[in-house]
Structures are given as structure tokens and as C-alpha cells.
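This is coords18.txt. It holds compact mmCIF, C-alpha atoms.
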```
# COMPACT_ATOMS: atom_id res chain seq x y z
CA MET A 140 -1.33 15.09 12.28
CA LYS A 141 -1.35 12.22 14.78
CA ALA A 142 -5.04 11.51 14.18
CA VAL A 143 -4.44 11.48 10.42
CA ARG A 144 -1.67 8.91 10.79
CA GLN A 145 -3.70 6.77 13.17
CA ALA A 146 -6.74 6.84 10.90
CA TRP A 147 -4.67 5.53 8.00
CA ARG A 148 -2.54 3.00 9.85
CA ARG A 149 -5.32 1.38 11.84
CA LEU A 150 -7.44 0.84 8.74
CA GLU A 151 -4.57 -0.12 6.44
CA PRO A 152 -5.04 -3.88 7.02
CA VAL A 153 -8.42 -3.57 5.28
CA HIS A 154 -6.56 -2.66 2.10
CA GLY A 155 -3.27 -4.49 2.66
CA MET A 156 -4.76 -7.96 3.01
CA ILE A 157 -5.45 -8.09 -0.75
CA TYR A 158 -1.76 -8.86 -1.36
CA PHE A 159 -1.84 -11.98 0.81
CA VAL A 160 -5.25 -13.64 0.70
CA PRO A 161 -5.87 -16.87 -1.23
CA GLU A 162 -9.07 -15.40 -2.64
CA ALA A 163 -6.97 -13.07 -4.81
CA VAL A 164 -4.41 -15.70 -5.77
CA ARG A 165 -7.18 -18.08 -6.83
CA ARG A 166 -9.03 -15.53 -8.95
CA TYR A 167 -5.89 -14.34 -10.71
CA ALA A 168 -4.87 -17.93 -11.39
CA ASP A 169 -8.32 -18.70 -12.79
CA LEU A 170 -7.69 -15.91 -15.29
CA GLY A 171 -4.33 -17.41 -16.20
CA LEU A 172 -1.93 -15.35 -14.06
CA LYS A 173 0.19 -16.80 -11.29
CA GLY A 174 2.73 -15.39 -8.88
CA ARG A 175 3.94 -11.83 -9.30
CA ALA A 176 2.13 -11.42 -12.61
CA GLY A 177 -1.17 -11.37 -10.73
CA TYR A 178 0.09 -8.74 -8.32
CA PHE A 179 1.50 -6.38 -10.95
CA ALA A 180 -1.48 -6.75 -13.28
CA SER A 181 -4.12 -6.36 -10.55
CA ARG A 182 -2.65 -3.32 -8.83
CA GLY A 183 -1.63 -1.80 -12.16
CA ALA A 184 -4.93 -2.51 -13.93
CA PRO A 185 -6.36 0.99 -13.28
CA LEU A 186 -3.52 2.28 -15.50
CA GLY A 187 -4.82 0.20 -18.41
CA ARG A 188 -2.45 -2.07 -20.34
CA ALA A 189 0.48 -0.67 -18.42
CA SER A 190 4.01 -1.24 -19.67
CA ALA A 191 6.70 -2.66 -17.43
CA GLU A 192 8.36 0.75 -17.37
CA LEU A 193 5.19 2.44 -16.11
CA ILE A 194 4.85 -0.10 -13.30
CA ILE A 195 8.54 0.18 -12.43
CA GLY A 196 8.08 3.93 -12.12
CA THR A 197 4.84 3.94 -10.13
CA PHE A 198 5.48 0.94 -7.87
CA TYR A 199 9.01 2.25 -7.25
CA ASN A 200 10.84 -0.42 -5.25
CA PHE A 201 10.69 -3.63 -7.31
CA CYS A 202 13.64 -4.90 -9.28
CA PRO A 203 12.94 -3.94 -12.91
CA ALA A 204 13.80 -7.42 -14.16
CA LEU A 205 11.00 -8.90 -12.03
CA VAL A 206 8.44 -6.50 -13.45
CA ARG A 207 9.55 -7.19 -17.01
CA GLN A 208 8.98 -10.90 -16.47
CA ALA A 209 5.30 -10.17 -15.88
CA LEU A 210 4.52 -7.25 -18.17
CA PRO A 211 3.44 -6.62 -20.82
CA SER A 212 2.96 -10.37 -21.42
CA ALA A 213 0.17 -10.52 -18.80
CA TRP A 214 -2.02 -8.41 -21.06
CA GLU A 215 -1.90 -11.17 -23.67
CA VAL A 216 -3.78 -13.35 -21.16
CA VAL A 217 -6.17 -10.98 -19.39
CA THR A 218 -7.66 -7.53 -19.76
CA PRO A 219 -7.34 -4.77 -17.16
CA GLU A 220 -11.12 -4.92 -16.73
CA GLN A 221 -10.96 -8.61 -15.84
CA MET A 222 -8.24 -7.98 -13.28
CA LEU A 223 -10.16 -5.11 -11.69
CA ALA A 224 -13.28 -7.24 -11.32
CA ALA A 225 -11.28 -10.14 -9.88
CA ARG A 226 -9.55 -7.85 -7.38
CA PHE A 227 -12.79 -6.31 -6.14
CA ASP A 228 -14.44 -9.73 -5.82
CA ALA A 229 -11.43 -11.12 -3.95
CA ALA A 230 -11.38 -8.16 -1.56
CA SER A 231 -15.07 -8.51 -0.81
CA GLU A 232 -14.88 -12.26 -0.22
CA ALA A 233 -11.82 -12.02 2.02
CA LEU A 234 -13.19 -9.15 4.11
CA ARG A 235 -16.46 -10.99 4.58
CA ARG A 236 -14.49 -14.01 5.73
CA ALA A 237 -13.06 -11.69 8.38
CA GLY A 238 -16.59 -10.64 9.39
CA ILE A 239 -16.18 -7.00 8.35
CA HIS A 240 -19.77 -6.86 7.13
CA GLU A 241 -21.05 -7.74 10.61
CA LEU A 242 -19.14 -5.10 12.59
CA ASP A 243 -20.90 -2.18 14.24
CA GLY A 244 -20.16 1.15 12.62
CA LEU A 245 -19.75 -0.13 9.06
CA ASP A 246 -21.97 2.55 7.54
CA GLU A 247 -20.26 5.29 9.53
CA ILE A 248 -16.74 4.22 8.68
CA VAL A 249 -17.67 3.85 5.01
CA GLY A 250 -19.02 7.39 5.08
CA LEU A 251 -15.89 8.82 6.67
CA THR A 252 -13.39 7.00 4.47
CA ARG A 253 -15.38 7.86 1.36
CA ARG A 254 -15.42 11.56 2.30
CA ALA A 255 -11.66 11.50 2.77
CA ALA A 256 -11.11 9.58 -0.46
CA LEU A 257 -13.31 11.97 -2.45
CA ALA A 258 -11.37 14.89 -0.99
CA ALA A 259 -8.17 13.21 -2.15
CA CYS A 260 -9.67 12.94 -5.62
CA GLU A 261 -9.56 16.72 -5.83
CA HIS A 262 -5.75 16.56 -5.68
CA PRO A 263 -4.59 14.04 -8.32
CA GLN A 264 -1.71 16.14 -9.64
CA GLY A 265 1.65 14.41 -9.29
CA ARG A 266 0.05 11.17 -8.05
CA PRO A 267 -0.27 8.93 -11.12
CA LEU A 268 -1.09 5.60 -9.48
CA PHE A 269 -3.65 7.24 -7.21
CA ALA A 270 -5.18 9.20 -10.10
CA ALA A 271 -5.71 6.00 -12.08
CA HIS A 272 -7.51 4.40 -9.13
CA ALA A 273 -9.51 7.57 -8.54
CA ALA A 274 -10.99 7.31 -12.04
CA LEU A 275 -12.58 3.94 -11.27
CA PRO A 276 -16.34 3.83 -10.60
CA TRP A 277 -17.38 3.43 -6.98
CA PRO A 278 -18.82 0.03 -6.08
CA GLY A 279 -22.30 -0.06 -4.61
CA GLU A 280 -21.77 -2.66 -1.88
CA PRO A 281 -20.59 -1.29 1.53
CA VAL A 282 -17.72 -3.73 2.09
CA GLN A 283 -16.33 -3.02 -1.38
CA GLN A 284 -16.85 0.71 -0.83
CA LEU A 285 -14.75 0.54 2.34
CA TRP A 286 -12.02 -1.39 0.57
CA HIS A 287 -12.03 0.98 -2.40
CA ALA A 288 -11.95 4.08 -0.20
CA GLN A 289 -9.01 2.76 1.81
CA THR A 290 -7.27 1.71 -1.40
CA LEU A 291 -7.58 5.27 -2.71
CA LEU A 292 -6.22 6.67 0.55
CA ARG A 293 -3.35 4.19 0.49
CA GLU A 294 -2.35 5.03 -3.08
CA PHE A 295 -2.74 8.76 -2.37
CA ARG A 296 -0.36 8.40 0.53
CA GLY A 297 1.92 6.09 -1.43
CA ASP A 298 2.44 8.54 -4.27
CA GLY A 299 3.21 11.21 -1.70
CA HIS A 300 5.71 8.90 -0.04
CA ILE A 301 7.52 8.40 -3.36
CA ALA A 302 7.66 12.17 -3.81
CA ALA A 303 9.21 12.50 -0.34
CA LEU A 304 11.79 9.80 -1.12
CA LEU A 305 12.69 11.41 -4.43
CA SER A 306 13.11 14.81 -2.80
CA GLU A 307 15.72 13.29 -0.48
CA GLY A 308 17.54 11.41 -3.24
CA ILE A 309 16.47 7.96 -2.06
CA ASP A 310 15.74 5.50 -4.85
CA GLY A 311 13.45 2.49 -4.55
CA LEU A 312 16.16 0.01 -3.62
CA GLU A 313 17.71 2.38 -1.08
CA ALA A 314 14.28 2.88 0.48
CA LEU A 315 14.07 -0.88 1.03
CA VAL A 316 17.55 -0.98 2.54
CA LEU A 317 16.65 1.79 4.98
CA HIS A 318 13.43 0.01 5.87
CA GLY A 319 15.32 -3.19 6.59
CA ALA A 320 17.96 -1.32 8.59
CA SER A 321 15.20 0.05 10.82
CA GLY A 322 14.57 -3.48 12.10
CA GLU A 323 10.84 -3.40 11.31
CA VAL A 324 11.10 -6.03 8.56
CA PRO A 325 14.10 -8.36 7.96
CA SER A 326 16.24 -7.09 5.11
CA VAL A 327 16.32 -10.51 3.48
CA VAL A 328 12.52 -10.54 3.27
CA LEU A 329 12.48 -7.16 1.56
CA ARG A 330 15.29 -8.08 -0.83
CA VAL A 331 13.85 -11.44 -1.85
CA SER A 332 10.23 -10.27 -2.12
CA ARG A 333 11.29 -7.47 -4.49
CA ALA A 334 13.75 -9.78 -6.29
CA TRP A 335 16.86 -7.60 -5.93
CA PRO A 336 20.15 -9.43 -6.61
CA GLU A 337 22.53 -9.57 -3.68
CA GLU A 338 25.18 -7.52 -5.48
CA GLU A 339 22.77 -4.67 -6.22
CA TRP A 340 21.52 -4.71 -2.63
CA ALA A 341 25.13 -4.61 -1.37
CA ALA A 342 25.90 -1.67 -3.65
CA ALA A 343 22.92 0.23 -2.26
CA VAL A 344 24.07 -0.50 1.29
CA GLU A 345 27.48 0.92 0.44
CA ARG A 346 25.95 4.07 -1.08
CA LEU A 347 23.94 4.68 2.07
CA ARG A 348 26.97 4.08 4.29
CA THR A 349 28.91 6.62 2.24
CA ARG A 350 26.10 9.12 2.85
CA GLY A 351 26.33 8.43 6.58
CA LEU A 352 22.82 6.96 6.76
CA LEU A 353 23.92 3.49 7.87
CA ASP A 354 26.15 2.40 10.73
CA GLY A 355 27.10 -1.13 9.76
CA GLU A 356 23.76 -2.82 8.99
CA ALA A 357 21.68 -0.50 11.17
CA LEU A 358 20.46 3.04 10.73
CA SER A 359 22.85 5.71 11.91
CA ALA A 360 21.56 8.67 13.88
CA GLU A 361 21.43 10.61 10.62
CA GLY A 362 19.63 7.73 8.93
CA LYS A 363 17.01 7.60 11.68
CA ALA A 364 16.48 11.33 11.42
CA LEU A 365 16.11 11.19 7.64
CA ARG A 366 13.69 8.28 7.77
CA GLN A 367 11.57 10.10 10.35
CA HIS A 368 11.64 13.23 8.22
CA ILE A 369 10.39 11.26 5.21
CA GLU A 370 7.58 9.71 7.27
CA ASP A 371 6.59 13.12 8.64
CA ARG A 372 6.63 14.60 5.15
CA THR A 373 4.52 11.70 3.88
CA ASP A 374 1.99 12.35 6.66
CA ALA A 375 1.86 16.03 5.71
CA LEU A 376 1.29 15.21 2.05
CA ALA A 377 -1.66 12.98 3.03
CA VAL A 378 -3.41 15.77 4.94
CA PRO A 379 -5.46 17.11 1.96
CA ALA A 380 -7.51 13.91 2.03
CA TYR A 381 -8.22 13.85 5.75
CA ALA A 382 -8.67 17.60 6.15
CA ALA A 383 -12.20 17.13 4.83
CA LEU A 384 -13.03 15.29 8.06
CA GLY A 385 -11.60 17.86 10.44
CA GLU A 386 -9.79 16.92 13.64
CA ASP A 387 -12.87 15.40 15.25
CA GLY A 388 -13.67 13.37 12.15
CA CYS A 389 -10.13 12.02 11.96
CA GLU A 390 -10.22 11.04 15.61
CA ARG A 391 -13.57 9.33 15.10
CA LEU A 392 -12.24 7.47 12.06
CA ALA A 393 -9.18 6.36 14.01
CA GLU A 394 -11.46 5.12 16.79
CA LEU A 395 -13.72 3.22 14.41
CA ALA A 396 -10.81 1.81 12.42
CA ARG A 397 -9.24 -0.23 15.22
CA PRO A 398 -11.82 -3.08 15.35
CA PHE A 399 -11.96 -3.24 11.55
CA GLY A 400 -8.20 -3.53 11.25
CA SER A 401 -8.10 -5.99 14.14
CA ALA A 402 -10.74 -8.19 12.51
CA VAL A 403 -8.58 -8.50 9.40
CA VAL A 404 -5.43 -9.30 11.38
CA ASP A 405 -7.12 -11.70 13.79
CA SER A 406 -8.69 -13.59 10.89
CA GLY A 407 -5.23 -14.36 9.53
CA LEU A 408 -5.68 -12.49 6.27
CA LEU A 409 -2.12 -11.16 6.42
CA ASN A 410 1.12 -11.17 8.37
CA GLN A 411 -0.20 -10.64 11.89
CA GLU A 412 3.02 -9.46 13.55
CA ALA A 413 3.70 -6.68 11.07
CA PHE A 414 0.17 -5.35 11.02
CA ARG A 415 -0.36 -5.52 14.77
CA LYS A 416 2.23 -2.76 14.95
CA LEU A 417 0.00 -0.59 12.76
CA LEU A 418 -2.95 -1.10 15.07
CA SER A 419 -0.98 -0.33 18.24
CA GLU A 420 -0.34 3.32 17.38
```
Hey, can you dump this file as C-alpha cells for me?
Amino acid sequence: MKAVRQAWRRLEPVHGMIYFVPEAVRRYADLGLKGRAGYFASRGAPLGRASAELIIGTFYNFCPALVRQALPSAWEVVTPEQMLAARFDAASEALRRAGIHELDGLDEIVGLTRRAALAACEHPQGRPLFAAHAALPWPGEPVQQLWHAQTLLREFRGDGHIAALLSEGIDGLEALVLHGASGEVPSVVLRVSRAWPEEEWAAAVERLRTRGLLDGEALSAEGKALRQHIEDRTDALAVPAYAALGEDGCERLAELARPFGSAVVDSGLLNQEAFRKLLSE
């Protein structure tokens, strides 16, 4: 299980940078979408002309009002196909700026991540956002293949994470509150970036205190235990993808992933402090 988690976390910057890089912002703006509209339309494009309600359900932790500001009006400006092409092009350009295409082991890591992603594709049930991405055609260029494979693995894990949260009665807003209470990311950053009003955030804090999951603004002992349980359950639900590699393959992927993730972080493609923690495990 440890190797599975390391393989995902160390390579996660290769996918995660797409939400921060100017290459994506520029391409979405060229198509007529700015701000959050570009994010919701690009990540949701595999679902087709997705409604706001579908994105609220599959993305899970954004304030519904924010999503409704972007969708479905974005589809009056662009098509899902245009957003998919822009996203792939942005990912390729940004990763090349980080020098990913010049790193040793590119072909091997592409092969391993693709094997894991294809194994995940055999288990789409109950994972709607992943299943939509899994239906996309594979790109032919190695850098885009690596990004696509890691994107599939991220969405596979993400849908599993939502299932784990739901099974414990934690809604999207409460998940953010618990994340902020862990100290990993400032609560104000999570609240503002997902556009939750202060009063709704405060109500969620109170609900979690009533459940005994918060001690003041921090996680209680019970809250820490629950959060760890959810992370462990999420890891377990991701195993069907990585089982195709076996223990040795997962360890090799985790080994190969570190310089690729580091290249993305060191190139400034995303928040360095947050993602350095991923690479340290």
C-alpha cells in the first residue's frame, strides 16, 4: 500500500500543474473563457456539455453558486472538444517547459503509468468523472501520454476519495474544513478558492465540532483518526489500478516518479511548498 501511495503522490505534480500554469489560462482565454469558467469547462469537458449540477456532484467541494456562474453558459462560447484540445496542448507545453521530455526514464514511466491507467479503466463503475476521462482517446506523444495517464489515475483516486467521504457522512464543504483543520493548507485559502460564504463555512465548522471531529479550529483526536481512515480507504480503493504493476512495479514507478515530480515543482509550475510535501513521502 505504501508503494501505491508513493507512486501516485510523487507523480501527482505532473497532473496537478494544469490548474496553475499560464499556458492553460491563456488557451482558455483565447477560446473566450476566463477565471473559474476555464477550470470547470476544461476538467468537465470529458462529460460533454455538463450541467452545473453534474459538475457540483462530481467535483464535490465547490460552492454550487460558483459553479452555476460558469455553467452551462460556458458551452455557449466553446465546445467540450475545444476545451479538451486546449487542455492537452497546455499540459504538453507546460511540461516541456519543465524539461519533462528530456528526463531519463520517460519511456519507462509512460509505460508503467499507462499500464496502471488501463487497469483502472477496467473498473469504471461508481467513478463517473474518471469514466468520462477513460473514454477519451490516448494521445500519441509521450509527454501527453504521461499527463493523460496520471490524469486518469488522479480521477480514479478522486472518485474513490469521494466515495470514502460519503461513506463517513462528510460532505464537500466539511471535507474542506477538515483539510484546513489539519494545518496542511490554510482554511482561508480553501474557503476562498472554493467560494464558500463565511456563514456556510462557520456552520460546517459547528457541525464538525458537534460530531467531536474538531477541537476549536484544529482536528480533535477523533477527527485525526477519521481523516486518516478516509485516506487509508482512498488508498485501498486506488489499488485496482496499481495492482497491475505488482509490488516491484509500484516501487519502480515511485522511484522513477520523484525526478519527474521534482522537475515540475522546481520549474515553478505550481505551489512549490504544497507539492514538495508530496514528493517527500
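Our summary of the geometry notes that CA of Val249 (chain A) is positioned 7.7 Å from CA of Ala288 (chain A).
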Contacts of region 197-203 of chain A at 8 Å (all atoms listed in the file; same-chain gap of 5+ positions) as a PyMOL selection string: chain A and resi 191-192+267-268+298+301+310-312+314-315+333-335
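With all atoms listed in the file as the atoms that count, the residue of A:His287, A:Arg182, A:Arg188, A:Arg372 with the shortest distance to Glu151 (chain A) is A:His287.
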Which of A:Ile195, A:Leu257, A:Val316, A:Ala393 sits closest to Phe269 (chain A) [using all atoms listed in the file]: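 Checking each of A:Ile195, A:Leu257, A:Val316, A:Ala393 against Phe269 (chain A), counting all atoms listed in the file, the winner is A:Leu257.
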Closest of A:Glu162, A:Glu241, A:Asp228, A:Glu345 to Leu408 (chain A) - atom-to-atom distances counting all atoms listed in the file: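 Among A:Glu162, A:Glu241, A:Asp228, A:Glu345, it is A:Glu162 that comes nearest to Leu408 (chain A).
Going from CA of Gly187 (chain A) to CA of Thr218 (chain A) covers 8.3 Å.
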Neighbour list for Arg175 (chain A) as number ranges by chain, cut-off 9 Å, all atoms listed in the file, skip fewer than 2 positions in-chain: A: 172-173, 177-180, 205-206, 208-209
Interatomic distance, CA of Ser332 (chain A) to CA of His318 (chain A) (Å, one decimal):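 Distance between the two atoms: 13.4 Å.
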9 Å contact set for Val217 (chain A), all atoms listed in the file, chain neighbours under 3 positions out, as a PyMOL selection string: chain A and resi 170-172+180+213-214+220-222
Within 7 Å of Leu285 (chain A) using only C-alpha atoms, minus same-chain residues under 4 positions, as a PyMOL selection string: chain A and resi 249+252+281+289
Neighbour list for Ser306 (chain A) as a count of residues only, cut-off 12 Å, all atoms listed in the file, skip fewer than 6 positions in-chain: 7
Counting only C-alpha atoms, give me one row per residue of region 298-410 of chain A with an atom at most 8 Å from an atom of region 152-155 of chain A, showing the shortest contact pair and its distance in Å to one decimal, sorted by chain then residue number, as a Markdown table.
```
| residue | atom | partner | partner_atom | distance |
| --- | --- | --- | --- | --- |
| A:Phe399 | CA | A:Val153 | CA | 7.2 |
| A:Gly400 | CA | A:Pro152 | CA | 5.3 |
| A:Val403 | CA | A:Pro152 | CA | 6.3 |
| A:Val404 | CA | A:Pro152 | CA | 7.0 |
| A:Leu409 | CA | A:Gly155 | CA | 7.7 |
```
Could those residues be written to a file, using C-alpha atoms, as an mmCIF file, in the frame of the given file?
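Final output, saved to out.cif:
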```cif
data_model
loop_
_atom_site.group_PDB
_atom_site.id
_atom_site.type_symbol
_atom_site.label_atom_id
_atom_site.label_comp_id
_atom_site.auth_asym_id
_atom_site.auth_seq_id
_atom_site.Cartn_x
_atom_site.Cartn_y
_atom_site.Cartn_z
ATOM 1 C CA PHE A 399 -11.960 -3.240 11.550
ATOM 2 C CA GLY A 400 -8.200 -3.530 11.250
ATOM 3 C CA VAL A 403 -8.580 -8.500 9.400
ATOM 4 C CA VAL A 404 -5.430 -9.300 11.380
ATOM 5 C CA LEU A 409 -2.120 -11.160 6.420
#
```
Selected residue of minimal separation from Glu294 (chain A) among A:Ala273, A:Leu347, A:Leu245, A:Val324, counting only C-alpha atoms: A:Ala273
Give the padded box for region 229-235 of chain A as AutoDock Vina command-line options: axis-aligned, covering all atoms listed in the file, 3 Å on each side, centre and edge lengths in Å to one decimal.
```
--center_x -13.9 --center_y -10.2 --center_z 0.3 --size_x 11.1 --size_y 10.1 --size_z 14.5
```
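With distances restricted to only C-alpha atoms, A:Arg236 is the closest residue to Pro161 (chain A) from A:Arg397, A:Arg236, A:Arg293, A:His272.
Considering the residues A:Trp147, A:Phe159, A:Trp286, A:Phe227 and counting all atoms listed in the file, Ser181 (chain A) has its shortest atom-to-atom contact with A:Phe227.
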Expected residue set, 12 Å radius at (-9.9, 10.2, 14.8), all atoms listed in the file, as a PyMOL selection string: chain A and resi 140-150+248+251-252+381-382+384-397
